[in-house]
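Student: File model_35.txt below, compact mmCIF, C-alpha atoms:
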# COMPACT_ATOMS: atom_id res chain seq x y z
CA MET A 1 23.30 51.15 -20.45
CA ARG A 2 19.90 50.92 -18.72
CA PRO A 3 16.99 49.28 -20.59
CA ALA A 4 14.53 51.77 -19.04
CA ARG A 5 16.04 54.54 -21.24
CA PHE A 6 15.11 52.64 -24.41
CA PRO A 7 11.34 52.15 -24.79
CA ALA A 8 11.79 50.08 -27.96
CA TYR A 9 14.07 47.65 -26.15
CA HIS A 10 11.64 47.46 -23.26
CA ARG A 11 8.72 46.70 -25.58
CA CYS A 12 10.71 44.06 -27.46
CA ARG A 13 11.67 42.36 -24.21
CA ALA A 14 8.05 42.34 -23.03
CA ARG A 15 6.94 40.80 -26.34
CA LEU A 16 9.61 38.10 -26.02
CA ARG A 17 8.39 37.32 -22.50
CA ARG A 18 4.81 36.99 -23.72
CA LEU A 19 5.99 34.77 -26.57
CA GLN A 20 7.84 32.53 -24.09
CA GLU A 21 4.70 32.13 -22.04
CA ARG A 22 2.77 30.95 -25.08
CA LEU A 23 5.39 28.44 -26.24
CA SER A 24 5.72 24.99 -24.71
CA LEU A 25 9.11 23.52 -23.87
CA ARG A 26 8.96 21.38 -27.03
CA ASP A 27 8.23 24.46 -29.16
CA ARG A 28 11.11 26.30 -27.55
CA LEU A 29 13.52 23.47 -28.32
CA VAL A 30 12.40 23.31 -31.95
CA LEU A 31 12.65 27.10 -32.28
CA SER A 32 16.13 27.13 -30.78
CA HIS A 33 17.34 24.50 -33.27
CA VAL A 34 15.86 26.49 -36.15
CA MET A 35 17.48 29.70 -34.93
CA VAL A 36 20.89 28.06 -34.58
CA LEU A 37 20.56 26.56 -38.07
CA LEU A 38 19.52 29.90 -39.59
CA LEU A 39 22.38 31.66 -37.83
CA ALA A 40 24.86 29.11 -39.21
CA LEU A 41 23.47 29.51 -42.75
CA LEU A 42 23.59 33.29 -42.49
CA ALA A 43 27.19 33.12 -41.29
CA MET A 44 28.10 30.85 -44.21
CA ALA A 45 26.37 33.15 -46.72
CA ALA A 46 27.97 36.28 -45.24
CA THR A 47 31.40 34.65 -45.35
CA SER A 48 30.93 33.69 -49.02
CA VAL A 49 29.87 37.24 -49.93
CA LEU A 50 32.79 38.68 -47.96
CA ILE A 51 35.30 36.47 -49.77
CA GLU A 52 33.93 36.81 -53.31
CA VAL A 53 32.60 40.39 -53.39
CA TRP A 54 33.95 42.56 -50.64
CA LEU A 55 37.46 41.15 -50.71
CA GLY A 56 37.42 40.69 -54.49
CA LEU A 57 38.71 37.13 -54.36
CA GLU A 58 36.74 35.74 -57.31
CA ASP A 59 39.53 33.32 -58.18
CA VAL A 60 39.10 31.35 -54.99
CA GLU A 61 37.65 27.90 -55.68
CA GLY A 62 34.09 27.12 -54.62
CA ASP A 63 35.18 24.28 -52.35
CA GLU A 64 37.47 26.58 -50.46
CA VAL A 65 34.75 29.19 -50.09
CA PHE A 66 32.38 26.49 -48.81
CA LYS A 67 34.92 25.24 -46.27
CA VAL A 68 35.63 28.71 -44.95
CA GLY A 69 31.91 29.51 -44.81
CA LEU A 70 31.22 26.23 -43.01
CA LEU A 71 33.87 26.98 -40.41
CA CYS A 72 32.45 30.46 -39.86
CA GLY A 73 28.93 29.00 -39.60
CA VAL A 74 30.02 26.50 -36.97
CA ALA A 75 31.91 29.23 -35.11
CA ALA A 76 28.76 31.37 -35.04
CA ALA A 77 26.36 28.51 -34.21
CA PHE A 78 28.35 27.20 -31.25
CA PRO A 79 28.10 30.25 -28.95
CA ALA A 80 24.50 30.77 -30.06
CA SER A 81 23.56 27.19 -29.11
CA VAL A 82 25.32 27.55 -25.73
CA ALA A 83 23.44 30.79 -24.99
CA LEU A 84 20.07 29.33 -26.03
CA SER A 85 20.61 26.11 -24.08
CA ARG A 86 21.37 28.08 -20.92
CA PHE A 87 18.22 30.10 -21.47
CA LEU A 88 16.13 26.96 -21.96
CA LEU A 89 17.65 25.00 -19.08
CA ARG A 90 17.41 27.79 -16.50
CA PRO A 91 14.01 26.57 -15.15
CA LEU A 92 15.25 22.98 -15.11
CA ASP A 93 18.32 24.08 -13.17
CA ARG A 94 16.02 25.55 -10.52
CA VAL A 95 14.13 22.25 -10.32
CA ARG A 96 17.40 20.34 -10.04
CA ALA A 97 18.58 22.65 -7.25
CA ALA A 98 15.27 22.06 -5.47
CA THR A 99 15.70 18.27 -5.67
CA HIS A 100 19.19 18.64 -4.21
CA ARG A 101 17.71 20.62 -1.30
CA LEU A 102 15.11 17.87 -0.84
CA ALA A 103 17.88 15.27 -0.70
CA ALA A 104 19.57 17.39 1.99
CA GLY A 105 16.40 17.36 4.09
CA HIS A 106 15.04 20.84 3.29
CA TYR A 107 11.40 19.95 2.67
CA ASP A 108 9.85 23.40 3.19
CA ASP A 109 11.22 25.03 0.02
CA ILE A 110 8.39 25.75 -2.40
CA LEU A 111 9.21 26.48 -6.05
CA GLU A 112 7.34 29.17 -7.91
CA LEU A 113 5.35 27.74 -10.81
CA PRO A 114 6.71 28.81 -14.22
CA SER A 115 4.39 29.96 -16.99
CA GLU A 116 5.22 27.07 -19.33
CA PRO A 117 2.60 24.31 -18.73
CA GLY A 118 4.99 21.36 -19.07
CA LEU A 119 7.52 22.79 -16.62
CA ALA A 120 4.71 23.95 -14.32
CA ALA A 121 3.47 20.36 -14.05
CA LEU A 122 7.00 19.17 -13.22
CA VAL A 123 7.49 21.90 -10.60
CA GLU A 124 4.08 21.11 -9.10
CA ASP A 125 5.08 17.44 -8.79
CA VAL A 126 8.32 18.46 -7.05
CA ASN A 127 6.36 20.67 -4.64
CA THR A 128 3.97 17.79 -3.94
CA LEU A 129 6.92 15.49 -3.29
CA ALA A 130 8.42 18.05 -0.89
CA ALA A 131 5.12 18.33 1.01
CA THR A 132 4.81 14.54 1.21
CA LEU A 133 8.37 14.15 2.48
CA ALA A 134 7.80 16.91 5.04
CA ASP A 135 4.67 15.16 6.28
CA THR A 136 6.52 11.82 6.44
CA GLU A 137 9.33 13.41 8.42
CA ARG A 138 6.86 14.96 10.88
CA ARG A 139 5.10 11.60 11.30
CA ARG A 140 8.44 9.85 11.84
CA ALA A 141 9.48 12.34 14.52
CA ARG A 142 6.08 12.03 16.19
CA LEU A 143 6.29 8.23 16.08
CA VAL A 144 9.70 8.27 17.78
CA SER A 145 8.32 10.55 20.49
CA GLU A 146 5.22 8.40 20.97
CA VAL A 147 7.24 5.17 21.15
CA ALA A 148 9.57 6.71 23.74
CA HIS A 149 6.55 7.81 25.77
CA GLU A 150 4.88 4.39 25.57
CA MET A 151 8.02 2.54 26.63
CA ARG A 152 8.90 4.94 29.41
CA THR A 153 6.08 3.85 31.73
CA PRO A 154 6.74 0.07 31.90
CA ILE A 155 10.49 0.64 32.01
CA THR A 156 10.07 3.11 34.91
CA ILE A 157 7.86 0.61 36.77
CA LEU A 158 10.36 -2.20 36.21
CA ARG A 159 13.23 -0.03 37.37
CA GLY A 160 11.34 0.99 40.51
CA GLN A 161 10.43 -2.59 41.36
CA ILE A 162 13.97 -3.90 40.83
CA GLU A 163 15.52 -1.05 42.85
CA GLY A 164 12.90 -1.59 45.55
CA MET A 165 13.86 -5.26 45.83
CA ALA A 166 17.55 -4.36 45.86
CA ASP A 167 16.97 -1.85 48.71
CA GLY A 168 14.80 -4.29 50.65
CA ILE A 169 11.63 -2.22 50.24
CA PHE A 170 9.87 -4.91 48.23
CA VAL A 171 9.90 -8.58 49.10
CA PRO A 172 11.05 -10.76 46.15
CA ASP A 173 8.12 -13.16 46.42
CA ASP A 174 5.93 -14.80 43.80
CA ALA A 175 3.60 -11.79 43.58
CA MET A 176 6.50 -9.43 42.86
CA PHE A 177 7.94 -11.71 40.18
CA ALA A 178 4.47 -12.03 38.62
CA SER A 179 4.26 -8.23 38.49
CA LEU A 180 7.69 -8.06 36.84
CA ALA A 181 6.60 -10.70 34.31
CA ASP A 182 3.46 -8.69 33.50
CA ASP A 183 5.49 -5.55 32.78
CA LEU A 184 7.94 -7.52 30.64
CA ASP A 185 5.03 -9.06 28.73
CA ARG A 186 3.66 -5.57 28.11
CA LEU A 187 7.02 -4.45 26.72
CA GLN A 188 7.18 -7.56 24.54
CA ARG A 189 3.66 -6.95 23.18
CA LEU A 190 4.53 -3.32 22.51
CA ALA A 191 7.71 -4.35 20.64
CA GLY A 192 5.73 -6.84 18.54
CA ASP A 193 3.02 -4.28 17.76
CA LEU A 194 5.61 -1.67 16.81
CA SER A 195 7.29 -4.16 14.49
CA SER A 196 3.96 -4.88 12.78
CA LEU A 197 3.17 -1.15 12.56
CA SER A 198 6.58 -0.43 11.05
CA ARG A 199 6.14 -3.12 8.38
CA LEU A 200 2.68 -1.77 7.59
CA GLU A 201 3.86 1.81 7.15
CA GLU A 202 6.83 0.71 5.06
CA GLY A 203 4.60 -1.40 2.81
CA ALA A 204 6.64 -4.48 3.73
CA PHE A 205 3.74 -6.38 5.27
CA ALA A 206 3.84 -9.88 3.75
CA LEU A 207 0.52 -11.65 3.24
CA HIS A 208 0.25 -15.41 2.70
CA ARG A 209 -3.17 -15.67 1.09
CA LYS A 210 -5.20 -18.77 0.57
CA ALA A 211 -8.87 -19.70 0.41
CA THR A 212 -10.08 -19.42 4.02
CA ASP A 213 -13.45 -19.91 5.67
CA VAL A 214 -13.73 -16.61 7.57
CA ALA A 215 -16.81 -17.87 9.44
CA ALA A 216 -14.84 -20.82 10.83
CA LEU A 217 -12.00 -18.44 11.64
CA ALA A 218 -14.38 -16.20 13.61
CA ARG A 219 -15.82 -19.18 15.51
CA SER A 220 -12.37 -20.51 16.48
CA THR A 221 -11.22 -17.03 17.57
CA ALA A 222 -14.35 -16.63 19.70
CA GLU A 223 -13.70 -19.98 21.37
CA GLN A 224 -10.15 -18.91 22.21
CA LEU A 225 -11.51 -15.85 24.00
CA ARG A 226 -14.57 -17.56 25.48
CA SER A 227 -12.98 -18.05 28.90
CA GLN A 228 -12.15 -14.35 29.18
CA TYR A 229 -15.73 -13.47 28.29
CA ASP A 230 -17.01 -15.93 30.91
CA ASP A 231 -14.71 -14.49 33.58
CA GLN A 232 -16.20 -11.02 32.99
CA MET A 233 -19.74 -12.42 32.62
CA VAL A 234 -20.07 -11.00 29.10
CA THR A 235 -22.33 -12.89 26.71
CA LEU A 236 -20.72 -13.71 23.35
CA ILE A 237 -23.20 -14.52 20.56
CA MET A 238 -22.02 -16.00 17.27
CA ASP A 239 -23.84 -15.83 13.94
CA ALA A 240 -21.29 -17.51 11.69
CA ALA A 241 -22.72 -20.90 10.83
CA THR A 242 -22.66 -20.48 7.03
CA PRO A 243 -19.26 -21.13 5.39
CA THR A 244 -17.96 -17.84 3.99
CA VAL A 245 -14.75 -18.15 1.98
CA ALA A 246 -12.33 -15.35 1.19
CA PHE A 247 -8.84 -15.36 -0.30
CA CYS A 248 -6.86 -13.98 2.63
CA ASP A 249 -4.06 -14.50 5.15
CA ALA A 250 -5.70 -16.54 7.90
CA ASP A 251 -3.15 -15.62 10.59
CA ARG A 252 -3.46 -11.89 9.91
CA ILE A 253 -7.25 -11.95 9.83
CA THR A 254 -7.20 -13.90 13.11
CA GLN A 255 -5.03 -11.10 14.51
CA VAL A 256 -7.68 -8.57 13.44
CA LEU A 257 -10.51 -10.64 14.95
CA VAL A 258 -8.65 -11.03 18.25
CA ASN A 259 -8.21 -7.26 18.38
CA LEU A 260 -11.88 -6.52 17.61
CA LEU A 261 -13.24 -9.13 20.04
CA GLY A 262 -10.75 -8.07 22.72
CA ASN A 263 -11.72 -4.41 22.35
CA ALA A 264 -15.41 -5.33 22.49
CA LEU A 265 -14.85 -7.27 25.72
CA THR A 266 -12.95 -4.34 27.23
CA ALA A 267 -15.73 -1.93 26.24
CA CYS A 268 -18.43 -4.00 27.96
CA GLY A 269 -19.17 -4.06 31.65
CA ARG A 270 -20.29 -7.13 33.56
CA HIS A 271 -23.33 -8.83 32.07
CA GLY A 272 -22.67 -7.07 28.78
CA ARG A 273 -23.31 -8.50 25.36
CA VAL A 274 -21.18 -8.89 22.20
CA ALA A 275 -22.59 -10.24 18.94
CA VAL A 276 -20.41 -11.41 16.03
CA SER A 277 -21.81 -12.06 12.56
CA VAL A 278 -20.17 -13.16 9.30
CA HIS A 279 -21.89 -12.92 5.92
CA ARG A 280 -21.33 -12.14 2.26
CA ASP A 281 -22.05 -8.73 0.77
CA PRO A 282 -22.28 -8.68 -3.06
CA HIS A 283 -22.59 -4.89 -3.33
CA PRO A 284 -20.71 -2.98 -4.60
CA ALA A 285 -18.28 -5.90 -4.94
CA HIS A 286 -18.13 -9.38 -3.45
CA HIS A 287 -16.89 -9.00 0.13
CA VAL A 288 -16.92 -11.00 3.32
CA VAL A 289 -18.25 -8.82 6.14
CA VAL A 290 -17.48 -9.49 9.80
CA ARG A 291 -19.50 -7.33 12.19
CA VAL A 292 -18.71 -7.07 15.92
CA VAL A 293 -21.45 -5.31 17.92
CA ASP A 294 -21.18 -4.55 21.64
CA ASP A 295 -23.41 -2.73 24.13
CA GLY A 296 -20.50 -1.16 25.97
CA ILE A 297 -19.20 2.34 26.58
CA GLY A 298 -19.62 3.50 22.97
CA VAL A 299 -17.65 6.07 21.01
CA ALA A 300 -18.36 9.77 20.49
CA GLU A 301 -18.88 10.81 16.88
CA HIS A 302 -15.73 12.97 16.78
CA ASP A 303 -13.67 9.99 18.01
CA LEU A 304 -14.81 7.46 15.40
CA LYS A 305 -11.84 8.22 13.14
CA ARG A 306 -9.39 9.07 15.92
CA ILE A 307 -9.58 5.60 17.45
CA PHE A 308 -7.71 4.24 14.42
CA HIS A 309 -4.78 6.61 14.98
CA ARG A 310 -1.74 5.08 16.61
CA PHE A 311 -1.36 5.43 20.39
CA GLU A 312 -4.86 6.85 20.75
CA ARG A 313 -6.71 5.75 23.88
CA LEU A 314 -10.19 7.11 24.54
CA GLU A 315 -10.87 8.28 28.06
CA HIS A 316 -14.30 7.78 29.57
CA PRO A 317 -15.48 9.52 32.74
CA GLY A 318 -15.30 7.22 35.71
CA ARG A 319 -13.60 4.45 33.75
CA PRO A 320 -9.80 4.09 33.44
CA ALA A 321 -8.14 3.12 30.19
CA ALA A 322 -7.47 -0.55 29.74
CA ALA A 323 -4.11 -1.61 31.06
CA GLY A 324 -1.57 -3.40 28.94
CA GLY A 325 -2.76 -2.10 25.58
CA SER A 326 -0.28 -0.56 23.20
CA GLY A 327 -2.75 1.87 21.65
CA ILE A 328 -1.96 0.74 18.10
CA GLY A 329 -4.09 -2.42 17.86
CA LEU A 330 -6.79 -0.82 15.74
CA THR A 331 -4.13 0.92 13.62
CA ILE A 332 -2.57 -2.45 12.82
CA ALA A 333 -5.97 -4.10 12.30
CA ARG A 334 -7.03 -1.46 9.77
CA GLY A 335 -3.62 -1.74 8.07
CA ILE A 336 -4.05 -5.51 7.70
CA ALA A 337 -7.57 -5.06 6.29
CA ARG A 338 -6.39 -2.45 3.79
CA ALA A 339 -3.44 -4.63 2.79
CA HIS A 340 -6.07 -7.19 1.77
CA GLY A 341 -7.92 -4.54 -0.24
CA GLY A 342 -10.60 -4.17 2.44
CA ASP A 343 -11.14 -1.88 5.41
CA ILE A 344 -12.46 -1.54 8.96
CA ALA A 345 -15.13 1.00 9.90
CA ALA A 346 -16.46 2.01 13.31
CA ASP A 347 -19.95 3.21 14.13
CA SER A 348 -21.61 4.22 17.39
CA ALA A 349 -24.74 6.03 18.52
CA GLY A 350 -22.65 7.81 21.15
CA PRO A 351 -21.10 7.29 24.59
CA GLY A 352 -22.85 4.60 26.59
CA LYS A 353 -24.70 3.24 23.55
CA GLY A 354 -22.32 0.56 22.33
CA ALA A 355 -20.30 0.37 19.12
CA THR A 356 -20.14 -1.60 15.89
CA PHE A 357 -16.91 -2.49 14.12
CA THR A 358 -17.23 -3.78 10.56
CA LEU A 359 -14.42 -5.66 8.82
CA ARG A 360 -14.71 -6.02 5.04
CA ILE A 361 -12.46 -8.38 3.05
CA PRO A 362 -12.67 -8.96 -0.72
CA GLN A 363 -13.52 -12.54 -1.56
CA GLU A 364 -11.13 -12.46 -4.52
CA PRO A 365 -7.54 -11.10 -4.40
CA THR A 366 -7.24 -7.45 -5.41
For the structure just supplied, provide its representation as C-alpha cells.

Tutor:
Amino acid sequence: MRPARFPAYHRCRARLRRLQERLSLRDRLVLSHVMVLLLALLAMAATSVLIEVWLGLEDVEGDEVFKVGLLCGVAAAFPASVALSRFLLRPLDRVRAATHRLAAGHYDDILELPSEPGLAALVEDVNTLAATLADTERRRARLVSEVAHEMRTPITILRGQIEGMADGIFVPDDAMFASLADDLDRLQRLAGDLSSLSRLEEGAFALHRKATDVAALARSTAEQLRSQYDDQMVTLIMDAATPTVAFCDADRITQVLVNLLGNALTACGRHGRVAVSVHRDPHPAHHVVVRVVDDGIGVAEHDLKRIFHRFERLEHPGRPAAAGGSGIGLTIARGIARAHGGDIAADSAGPGKGATFTLRIPQEPT
C-alpha cells in the first residue's frame, strides 16, 4: 500500500512532521508518556465494556474486571511504549553511531542537524568535536613529519663523519671530534625542545611559581649572554634597574629570556644594538612587561605570526639561517608565557628595520 495513493494519509504525515519540528525533546517525552497512559486507560475501559456489555457477563465481580482490564492495558501500553521510544531515540542513535565512528578514527563524518533545537545543539557539539579531533590528528601527523625532517640532517652528518673516519677519509683528530660533539649537542637540544613542546601541547607543563623579581632575572640572563654579545661586537643595553615582581616560574621565564636575547643577537650584525627594558603596565591589568628591541634584519609583516609556528625559520636574502636552532624556540617561549596567563608579541617595521619582542606576564597568578 503506497502512501502517495492516499492524500489524507500524506497530509496527516506532513502535519505530524511539522508538529515534531515544533516540539522539543522534553515535550516529546512528556507527550509519549501521556499517550501511553491514555492508551492503557482506553484498553482497560474497552476490556471492561467488552466483559460487562458485549459478552453479557454482568455477574463477574468488579475486582476481576479490573484485573483483566489492567492486564489488557499493560499489554497494550508495552508495545506502544517500545514503538514510541524507538521513534524518540532514533536521532540519539545516530549521534551514538557518530561517536563510535569518532572513536574508530573517522573524523570527517558530519552529522546533519535535526530540527529539534536540543538535539541540534548536541549534534553541533559532536560535529565540532569531530572537526577538532581531525585538526589534532593533522597536526600530529605534521609534527611527526617535521620532527623526522629536523632529525634527519644531524643524523646524516654524523653518519657521514663516522663512516668517513672508518674508511680513512677523515682524520680522527680533535677538530673532527669537536664537530661530532657539536652535532650531538644539536640533537640533544632538539630532543629537549621537543620534550618541552610536547608537554606544552599536552597541557602537562608544570609551573613552580613564586614571587620573582623579573628585572633581576633579566639582568642575570643578560650577564650570562654578555660574552656572546661581546664576541659579535653587539651592544647590549639594559633598562631594568627598578625591582619588578611577578608571581611566576623563574626557570621558565629565564628560558624565555634566553630565547629572546639569543634571537636578538642572531638577528643583529656586527656593531648592532639590542635594548632590554622591564617595567610594570597597569592597563588593562597589572602585568610585567619585558621588551627586547634589536636593530637587526627585521621581520616582514606577513611573517610576524608565522615566526611563532614550530619549525619555522625565516630566510633572508644573502644571509643563511642560524645553525643549531631547532626552529621551535619561539613556539616554546610563547607557550610558557601563555601558561603563565601572559603572551609574547612580535613587531617590526619590515626587513632590515629591526624587531621588537614583548613578553607580558601577570603580576598575580591567573

Student: Which residue is closest to Leu102 (chain A)? Choose from A:Glu163, A:Asp249, A:Glu137, A:Asp173 and count only C-alpha atoms.

Tutor: A:Glu137

Student: Using all atoms listed in the file, which protein or nucleic acid residues come within 6 Å of region 339-353 of chain A? Drop anything in the same chain fewer than 3 positions from it, and give the result as a ChimeraX atom specification.

Tutor: /A:297-300,334,336,356-361,366

Student: My list of candidates is A:Leu42, A:Leu119, A:Ile328, A:Ala134. Which is closest to Ala103 (chain A) when distances are computed with only C-alpha atoms?

Tutor: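 For Ala103 (chain A), the nearest of the given residues is A:Ala134.
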
Student: Between CA of Asp231 (chain A) and CA of Arg270 (chain A), what is the distance in Å, rounded to a tenth?

Tutor: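 Interatomic distance, CA of Asp231 (chain A) to CA of Arg270 (chain A): 9.2 Å.
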
Student: For Ile332 (chain A), list every protein, DNA or RNA residue within 10 Å, evaluated using only C-alpha atoms, and leave out those in the same chain fewer than 5 positions away; present the list as an MDAnalysis selection string.

Tutor: chainID A and resid 193:194 196:201 252 255:256 259 308:310 327 337:338

Student: Mind giving me the straight-line distance from CA of Gly164 (chain A) to CA of Met176 (chain A) in Å, one decimal?

Tutor: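 A separation of 10.5 Å between them.
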
Student: For a test of reading the model, state the distance in Å between CA of Gln363 (chain A) and CA of Gly335 (chain A), rounded to one decimal.

Tutor: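 CA of Gln363 (chain A) sits 17.5 Å away from CA of Gly335 (chain A).
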
Student: Let me make sure I understand: among A:Val258, A:Ala250, A:Val147, A:Val245, which one has the smallest atom-to-atom distance to Ser195 (chain A) if we use only C-alpha atoms?

Tutor: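 Nearest to Ser195 (chain A): A:Val147.
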